[in-house]
>>> print(open('final_3.cif').read())   # mmCIF, C-alpha atoms
data_query
#
loop_
_atom_site.group_PDB
_atom_site.id
_atom_site.type_symbol
_atom_site.label_atom_id
_atom_site.label_comp_id
_atom_site.auth_asym_id
_atom_site.auth_seq_id
_atom_site.Cartn_x
_atom_site.Cartn_y
_atom_site.Cartn_z
ATOM 1 C CA MET C 1 50.990 -72.560 24.816
ATOM 2 C CA LYS C 2 49.489 -76.066 24.737
ATOM 3 C CA GLN C 3 47.983 -75.586 28.218
ATOM 4 C CA MET C 4 46.338 -72.330 27.164
ATOM 5 C CA ALA C 5 44.781 -73.966 24.100
ATOM 6 C CA THR C 6 43.503 -76.831 26.254
ATOM 7 C CA ARG C 7 41.973 -74.406 28.759
ATOM 8 C CA MET C 8 40.300 -72.410 26.007
ATOM 9 C CA LEU C 9 38.892 -75.580 24.479
ATOM 10 C CA LEU C 10 37.624 -76.746 27.871
ATOM 11 C CA ALA C 11 36.033 -73.351 28.577
ATOM 12 C CA SER C 12 34.351 -73.392 25.155
ATOM 13 C CA LEU C 13 32.968 -76.877 25.783
ATOM 14 C CA VAL C 14 31.563 -75.812 29.168
ATOM 15 C CA VAL C 15 29.832 -72.775 27.631
ATOM 16 C CA PHE C 16 28.486 -74.900 24.761
ATOM 17 C CA ALA C 17 27.168 -77.554 27.159
ATOM 18 C CA MET C 18 25.468 -74.950 29.368
ATOM 19 C CA THR C 19 23.840 -73.294 26.361
ATOM 20 C CA GLY C 20 22.645 -76.595 24.912
ATOM 21 C CA CYS C 21 21.088 -77.733 28.176
ATOM 22 C CA ARG C 22 18.984 -74.710 28.947
ATOM 23 C CA ALA C 23 15.265 -75.028 28.370
ATOM 24 C CA GLY C 24 14.880 -71.644 26.730
ATOM 25 C CA GLY C 25 12.728 -68.687 27.554
ATOM 26 C CA GLN C 26 9.495 -68.155 29.390
ATOM 27 C CA VAL C 27 6.295 -69.054 27.560
ATOM 28 C CA TYR C 28 5.265 -65.875 25.768
ATOM 29 C CA GLU C 29 1.559 -65.142 25.459
ATOM 30 C CA VAL C 30 -0.401 -62.256 24.018
ATOM 31 C CA LYS C 31 -3.262 -61.357 26.361
ATOM 32 C CA ASP C 32 -6.151 -59.082 25.448
ATOM 33 C CA ALA C 33 -4.321 -57.197 22.704
ATOM 34 C CA PRO C 34 -6.579 -54.296 21.661
ATOM 35 C CA ILE C 35 -7.811 -54.338 18.075
ATOM 36 C CA GLN C 36 -7.048 -51.106 16.266
ATOM 37 C CA THR C 37 -8.011 -50.381 12.687
ATOM 38 C CA ALA C 38 -6.646 -47.656 10.438
ATOM 39 C CA SER C 39 -10.146 -46.187 10.033
ATOM 40 C CA GLY C 40 -10.924 -46.348 13.746
ATOM 41 C CA LYS C 41 -14.045 -48.402 12.985
ATOM 42 C CA GLU C 42 -14.675 -51.546 14.994
ATOM 43 C CA PRO C 43 -14.352 -54.643 12.786
ATOM 44 C CA THR C 44 -16.987 -57.365 12.711
ATOM 45 C CA LEU C 45 -16.307 -60.730 14.337
ATOM 46 C CA ASP C 46 -16.051 -62.240 10.829
ATOM 47 C CA GLN C 47 -13.426 -59.648 9.853
ATOM 48 C CA VAL C 48 -11.388 -60.482 12.966
ATOM 49 C CA GLN C 49 -11.623 -64.208 12.189
ATOM 50 C CA LYS C 50 -10.540 -63.616 8.572
ATOM 51 C CA ALA C 51 -7.614 -61.435 9.712
ATOM 52 C CA ILE C 52 -6.411 -64.178 12.084
ATOM 53 C CA ILE C 53 -6.757 -66.896 9.427
ATOM 54 C CA ASP C 54 -4.989 -64.766 6.783
ATOM 55 C CA ALA C 55 -2.209 -63.873 9.228
ATOM 56 C CA GLY C 56 -1.776 -67.562 9.993
ATOM 57 C CA ILE C 57 -1.537 -68.451 6.303
ATOM 58 C CA LYS C 58 1.084 -65.745 5.760
ATOM 59 C CA GLN C 59 3.173 -67.108 8.674
ATOM 60 C CA THR C 60 2.547 -70.798 7.711
ATOM 61 C CA TRP C 61 0.237 -71.537 10.640
ATOM 62 C CA ILE C 62 -2.823 -73.753 10.292
ATOM 63 C CA MET C 63 -5.840 -71.947 11.740
ATOM 64 C CA THR C 64 -8.963 -73.891 12.651
ATOM 65 C CA PRO C 65 -12.115 -72.129 13.869
ATOM 66 C CA VAL C 66 -13.357 -73.858 17.038
ATOM 67 C CA LYS C 67 -16.440 -71.708 17.625
ATOM 68 C CA PRO C 68 -17.341 -68.047 17.079
ATOM 69 C CA GLY C 69 -14.694 -66.073 18.909
ATOM 70 C CA GLU C 70 -12.142 -68.879 19.209
ATOM 71 C CA MET C 71 -9.459 -70.193 16.887
ATOM 72 C CA LEU C 72 -6.949 -73.017 17.276
ATOM 73 C CA GLY C 73 -3.541 -72.306 15.743
ATOM 74 C CA GLU C 74 -1.009 -74.974 14.811
ATOM 75 C CA TYR C 75 2.580 -74.311 13.737
ATOM 76 C CA ASN C 76 4.929 -76.995 12.446
ATOM 77 C CA VAL C 77 8.606 -76.399 11.771
ATOM 78 C CA GLN C 78 10.985 -79.308 11.320
ATOM 79 C CA SER C 79 10.176 -81.697 14.184
ATOM 80 C CA HIS C 80 8.640 -78.950 16.356
ATOM 81 C CA GLN C 81 4.913 -78.407 16.789
ATOM 82 C CA ILE C 82 2.964 -75.714 18.646
ATOM 83 C CA HIS C 83 -0.735 -75.435 19.424
ATOM 84 C CA VAL C 84 -2.203 -72.147 20.626
ATOM 85 C CA THR C 85 -5.714 -71.014 21.441
ATOM 86 C CA ILE C 86 -6.730 -67.642 20.036
ATOM 87 C CA PRO C 87 -9.844 -66.228 21.704
ATOM 88 C CA TYR C 88 -11.060 -63.021 20.068
ATOM 89 C CA THR C 89 -13.807 -60.414 20.088
ATOM 90 C CA THR C 90 -14.327 -57.281 18.013
ATOM 91 C CA LYS C 91 -12.258 -55.394 20.609
ATOM 92 C CA SER C 92 -9.321 -57.694 21.489
ATOM 93 C CA TYR C 93 -7.604 -61.038 20.967
ATOM 94 C CA SER C 94 -5.163 -63.272 22.798
ATOM 95 C CA ILE C 95 -2.640 -65.925 21.741
ATOM 96 C CA LEU C 96 -2.413 -68.505 24.512
ATOM 97 C CA TYR C 97 -0.115 -71.536 24.760
ATOM 98 C CA LYS C 98 -2.038 -74.824 24.590
ATOM 99 C CA ASP C 99 0.604 -77.526 24.020
ATOM 100 C CA SER C 100 3.681 -78.419 21.993
ATOM 101 C CA SER C 101 5.942 -81.229 20.821
ATOM 102 C CA ASN C 102 9.748 -81.292 20.817
ATOM 103 C CA LEU C 103 10.081 -77.808 22.299
ATOM 104 C CA ARG C 104 11.378 -78.782 25.758
ATOM 105 C CA TYR C 105 8.328 -77.285 27.469
ATOM 106 C CA ASP C 106 8.608 -77.292 31.253
ATOM 107 C CA PRO C 107 5.136 -76.831 32.785
ATOM 108 C CA VAL C 108 6.510 -76.097 36.254
ATOM 109 C CA LYS C 109 8.909 -73.347 35.174
ATOM 110 C CA ARG C 110 6.771 -72.404 32.117
ATOM 111 C CA THR C 111 9.867 -72.420 29.908
ATOM 112 C CA ILE C 112 10.072 -73.494 26.287
ATOM 113 C CA HIS C 113 12.396 -73.529 23.252
ATOM 114 C CA VAL C 114 14.021 -70.142 22.663
ATOM 115 C CA ASN C 115 12.416 -69.781 19.195
ATOM 116 C CA TYR C 116 8.854 -70.075 20.547
ATOM 117 C CA GLN C 117 8.635 -66.374 21.416
ATOM 118 C CA LYS C 118 9.857 -65.372 17.952
ATOM 119 C CA TRP C 119 7.193 -67.525 16.260
ATOM 120 C CA ILE C 120 4.417 -66.068 18.446
ATOM 121 C CA GLU C 121 5.653 -62.492 17.940
ATOM 122 C CA ARG C 122 5.649 -62.950 14.149
ATOM 123 C CA LEU C 123 2.090 -64.267 14.257
ATOM 124 C CA ASP C 124 1.001 -61.422 16.553
ATOM 125 C CA ASN C 125 2.575 -58.774 14.300
ATOM 126 C CA GLU C 126 0.884 -60.250 11.235
ATOM 127 C CA ILE C 127 -2.507 -60.353 13.009
ATOM 128 C CA LYS C 128 -2.078 -56.690 14.000
ATOM 129 C CA ALA C 129 -1.246 -55.743 10.405
ATOM 130 C CA ARG C 130 -4.291 -57.595 9.063
ATOM 131 C CA LEU C 131 -6.615 -56.138 11.687
ATOM 132 C CA SER C 132 -5.383 -52.639 10.988
ATOM 133 C CA ALA C 133 -6.777 -52.988 7.460
ATOM 134 C CA ALA C 134 -9.966 -54.836 8.543
ATOM 135 C CA GLY C 135 -12.042 -51.810 9.514
ATOM 136 C CA ASN C 136 -11.659 -50.030 6.174
#
>>> encode(input="final_3.cif", output="structure tokens")
Amino acid sequence: MKQMATRMLLASLVVFAMTGCRAGGQVYEVKDAPIQTASGKEPTLDQVQKAIIDAGIKQTWIMTPVKPGEMLGEYNVQSHQIHVTIPYTTKSYSILYKDSSNLRYDPVKRTIHVNYQKWIERLDNEIKARLSAAGN
């Protein structure tokens, strides 16, 4: 009985160690996502910019316009920090990894903290929701 408990504890520690050491998932990027509005009308570049900024605010991102058609997004959670570039037109937008802190980013394998994809997906979904209403 004692040996079985020891083996189970050892197996649990091995699984825990393997899970804790992994870098995470692949860097997730949104590339050339088409902009669709509920009305079917093409939004203006200003409407796209506003939708991205408002989506960022809703998801606690800091959005900084770099130039017309390009936004820099920053997300801070606990000790983690992400920077993304968001190029956009009236027809599409992208969310591209720029850099990060404390997310175990591996540039060779292009892996990063497992929560990175979730944070980008939430931002992407919020941008889509805002853009859907932009053409009205």
>>> resolve_selection(input="final_3.cif", expression="the PyMOL selection byres ((chain C and resi 99) around 7)", output="list in words")
Ile82, His83, Val84, Tyr97, Lys98 and Ser100 of chain C
>>> atom_distance(input="final_3.cif", atom1="atom CA of C:Ala33", atom2="atom CA of C:Lys67")
19.6 Å
>>> closest_residue(input="final_3.cif", among="C:Gly25, C:Val114, C:Ala55, C:Val48", to="C:Ala129", atoms="all atoms listed in the file")
C:Ala55
>>> residues_around(input="final_3.cif", residues="C:Arg104", least_positions_apart="5", cutoff="9 Å", atoms="only C-alpha atoms", output="list in words")
Ala23, Gly24, Thr111, Ile112 and His113 of chain C
>>> closest_residue(input="final_3.cif", among="C:Gln117, C:Gln59, C:Ser39, C:Gln81", to="C:Ser132", atoms="all atoms listed in the file")
C:Ser39
>>> resolve_selection(input="final_3.cif", expression="the PyMOL selection byres ((chain C and resi 70-77) around 10)", output="PDB file with C-alpha atoms, in the coordinates of the input")
ATOM      1  CA  GLN C  49     -11.623 -64.208  12.189  1.00  0.00           C
ATOM      2  CA  ILE C  52      -6.411 -64.178  12.084  1.00  0.00           C
ATOM      3  CA  ILE C  53      -6.757 -66.896   9.427  1.00  0.00           C
ATOM      4  CA  GLY C  56      -1.776 -67.562   9.993  1.00  0.00           C
ATOM      5  CA  GLN C  59       3.173 -67.108   8.674  1.00  0.00           C
ATOM      6  CA  THR C  60       2.547 -70.798   7.711  1.00  0.00           C
ATOM      7  CA  TRP C  61       0.237 -71.537  10.640  1.00  0.00           C
ATOM      8  CA  ILE C  62      -2.823 -73.753  10.292  1.00  0.00           C
ATOM      9  CA  MET C  63      -5.840 -71.947  11.740  1.00  0.00           C
ATOM     10  CA  THR C  64      -8.963 -73.891  12.651  1.00  0.00           C
ATOM     11  CA  PRO C  65     -12.115 -72.129  13.869  1.00  0.00           C
ATOM     12  CA  VAL C  66     -13.357 -73.858  17.038  1.00  0.00           C
ATOM     13  CA  LYS C  67     -16.440 -71.708  17.625  1.00  0.00           C
ATOM     14  CA  PRO C  68     -17.341 -68.047  17.079  1.00  0.00           C
ATOM     15  CA  GLY C  69     -14.694 -66.073  18.909  1.00  0.00           C
ATOM     16  CA  GLN C  78      10.985 -79.308  11.320  1.00  0.00           C
ATOM     17  CA  SER C  79      10.176 -81.697  14.184  1.00  0.00           C
ATOM     18  CA  HIS C  80       8.640 -78.950  16.356  1.00  0.00           C
ATOM     19  CA  GLN C  81       4.913 -78.407  16.789  1.00  0.00           C
ATOM     20  CA  ILE C  82       2.964 -75.714  18.646  1.00  0.00           C
ATOM     21  CA  HIS C  83      -0.735 -75.435  19.424  1.00  0.00           C
ATOM     22  CA  VAL C  84      -2.203 -72.147  20.626  1.00  0.00           C
ATOM     23  CA  THR C  85      -5.714 -71.014  21.441  1.00  0.00           C
ATOM     24  CA  ILE C  86      -6.730 -67.642  20.036  1.00  0.00           C
ATOM     25  CA  PRO C  87      -9.844 -66.228  21.704  1.00  0.00           C
ATOM     26  CA  TYR C  88     -11.060 -63.021  20.068  1.00  0.00           C
ATOM     27  CA  THR C  89     -13.807 -60.414  20.088  1.00  0.00           C
ATOM     28  CA  TYR C  93      -7.604 -61.038  20.967  1.00  0.00           C
ATOM     29  CA  SER C  94      -5.163 -63.272  22.798  1.00  0.00           C
ATOM     30  CA  ILE C  95      -2.640 -65.925  21.741  1.00  0.00           C
ATOM     31  CA  LEU C  96      -2.413 -68.505  24.512  1.00  0.00           C
ATOM     32  CA  TYR C  97      -0.115 -71.536  24.760  1.00  0.00           C
ATOM     33  CA  LYS C  98      -2.038 -74.824  24.590  1.00  0.00           C
ATOM     34  CA  ASP C  99       0.604 -77.526  24.020  1.00  0.00           C
ATOM     35  CA  SER C 100       3.681 -78.419  21.993  1.00  0.00           C
ATOM     36  CA  SER C 101       5.942 -81.229  20.821  1.00  0.00           C
ATOM     37  CA  TRP C 119       7.193 -67.525  16.260  1.00  0.00           C
ATOM     38  CA  ILE C 120       4.417 -66.068  18.446  1.00  0.00           C
ATOM     39  CA  LEU C 123       2.090 -64.267  14.257  1.00  0.00           C
TER      40      LEU C 123
END
>>> atom_distance(input="final_3.cif", atom1="atom CA of C:Gln47", atom2="atom CA of C:Lys118")
25.3 Å
>>> atom_distance(input="final_3.cif", atom1="atom CA of C:Ile35", atom2="atom CA of C:Tyr116")
23.1 Å
>>> closest_residue(input="final_3.cif", among="C:Asn102, C:Lys91, C:Ala134, C:Asn125", to="C:Asp32", atoms="only C-alpha atoms")
C:Lys91
>>> closest_residue(input="final_3.cif", among="C:Leu131, C:Val30, C:Val108, C:Leu103", to="C:Lys50", atoms="all atoms listed in the file")
C:Leu131
>>> build_atoms(input="final_3.cif", residues="stretch 110-136 of chain C", atoms="N, CA and C atoms", output="CSV table (one decimal), in the coordinates of the input")
chain,number,residue,atom,x,y,z
C,110,ARG,N,7.4,-73.1,33.3
C,110,ARG,CA,6.8,-72.4,32.1
C,110,ARG,C,7.8,-71.9,31.2
C,111,THR,N,8.8,-72.8,30.9
C,111,THR,CA,9.9,-72.4,29.9
C,111,THR,C,9.7,-73.3,28.7
C,112,ILE,N,10.2,-72.8,27.6
C,112,ILE,CA,10.1,-73.5,26.3
C,112,ILE,C,11.2,-73.1,25.4
C,113,HIS,N,11.4,-73.8,24.3
C,113,HIS,CA,12.4,-73.5,23.3
C,113,HIS,C,12.5,-72.0,23.0
C,114,VAL,N,13.8,-71.6,22.8
C,114,VAL,CA,14.0,-70.1,22.7
C,114,VAL,C,13.3,-69.5,21.4
C,115,ASN,N,13.0,-70.3,20.4
C,115,ASN,CA,12.4,-69.8,19.2
C,115,ASN,C,10.9,-69.6,19.3
C,116,TYR,N,10.3,-70.2,20.4
C,116,TYR,CA,8.9,-70.1,20.5
C,116,TYR,C,8.4,-68.6,20.6
C,117,GLN,N,9.0,-67.8,21.3
C,117,GLN,CA,8.6,-66.4,21.4
C,117,GLN,C,8.7,-65.7,20.0
C,118,LYS,N,9.7,-66.0,19.3
C,118,LYS,CA,9.9,-65.4,18.0
C,118,LYS,C,8.7,-65.8,17.1
C,119,TRP,N,8.3,-67.1,17.1
C,119,TRP,CA,7.2,-67.5,16.3
C,119,TRP,C,5.9,-66.9,16.7
C,120,ILE,N,5.6,-66.7,18.0
C,120,ILE,CA,4.4,-66.1,18.4
C,120,ILE,C,4.4,-64.6,18.1
C,121,GLU,N,5.6,-63.9,18.3
C,121,GLU,CA,5.7,-62.5,17.9
C,121,GLU,C,5.4,-62.2,16.5
C,122,ARG,N,5.9,-63.1,15.6
C,122,ARG,CA,5.6,-63.0,14.1
C,122,ARG,C,4.2,-63.1,13.8
C,123,LEU,N,3.5,-64.1,14.5
C,123,LEU,CA,2.1,-64.3,14.3
C,123,LEU,C,1.3,-63.0,14.8
C,124,ASP,N,1.7,-62.6,16.0
C,124,ASP,CA,1.0,-61.4,16.6
C,124,ASP,C,1.1,-60.2,15.7
C,125,ASN,N,2.3,-59.9,15.2
C,125,ASN,CA,2.6,-58.8,14.3
C,125,ASN,C,1.8,-58.9,13.0
C,126,GLU,N,1.7,-60.1,12.5
C,126,GLU,CA,0.9,-60.2,11.2
C,126,GLU,C,-0.6,-60.1,11.5
C,127,ILE,N,-1.1,-60.6,12.6
C,127,ILE,CA,-2.5,-60.4,13.0
C,127,ILE,C,-2.8,-58.9,13.2
C,128,LYS,N,-1.9,-58.1,13.8
C,128,LYS,CA,-2.1,-56.7,14.0
C,128,LYS,C,-2.1,-56.0,12.6
C,129,ALA,N,-1.3,-56.4,11.7
C,129,ALA,CA,-1.2,-55.7,10.4
C,129,ALA,C,-2.6,-56.0,9.7
C,130,ARG,N,-3.0,-57.2,9.7
C,130,ARG,CA,-4.3,-57.6,9.1
C,130,ARG,C,-5.5,-56.9,9.7
C,131,LEU,N,-5.5,-56.8,11.0
C,131,LEU,CA,-6.6,-56.1,11.7
C,131,LEU,C,-6.6,-54.6,11.4
C,132,SER,N,-5.5,-54.1,11.3
C,132,SER,CA,-5.4,-52.6,11.0
C,132,SER,C,-6.1,-52.3,9.7
C,133,ALA,N,-6.1,-53.2,8.7
C,133,ALA,CA,-6.8,-53.0,7.5
C,133,ALA,C,-8.2,-53.5,7.5
C,134,ALA,N,-8.6,-54.2,8.5
C,134,ALA,CA,-10.0,-54.8,8.5
C,134,ALA,C,-11.1,-53.8,8.7
C,135,GLY,N,-10.9,-52.7,9.3
C,135,GLY,CA,-12.0,-51.8,9.5
C,135,GLY,C,-12.3,-50.8,8.4
C,136,ASN,N,-11.5,-51.0,7.3
C,136,ASN,CA,-11.7,-50.0,6.2
C,136,ASN,C,-12.8,-50.4,5.3
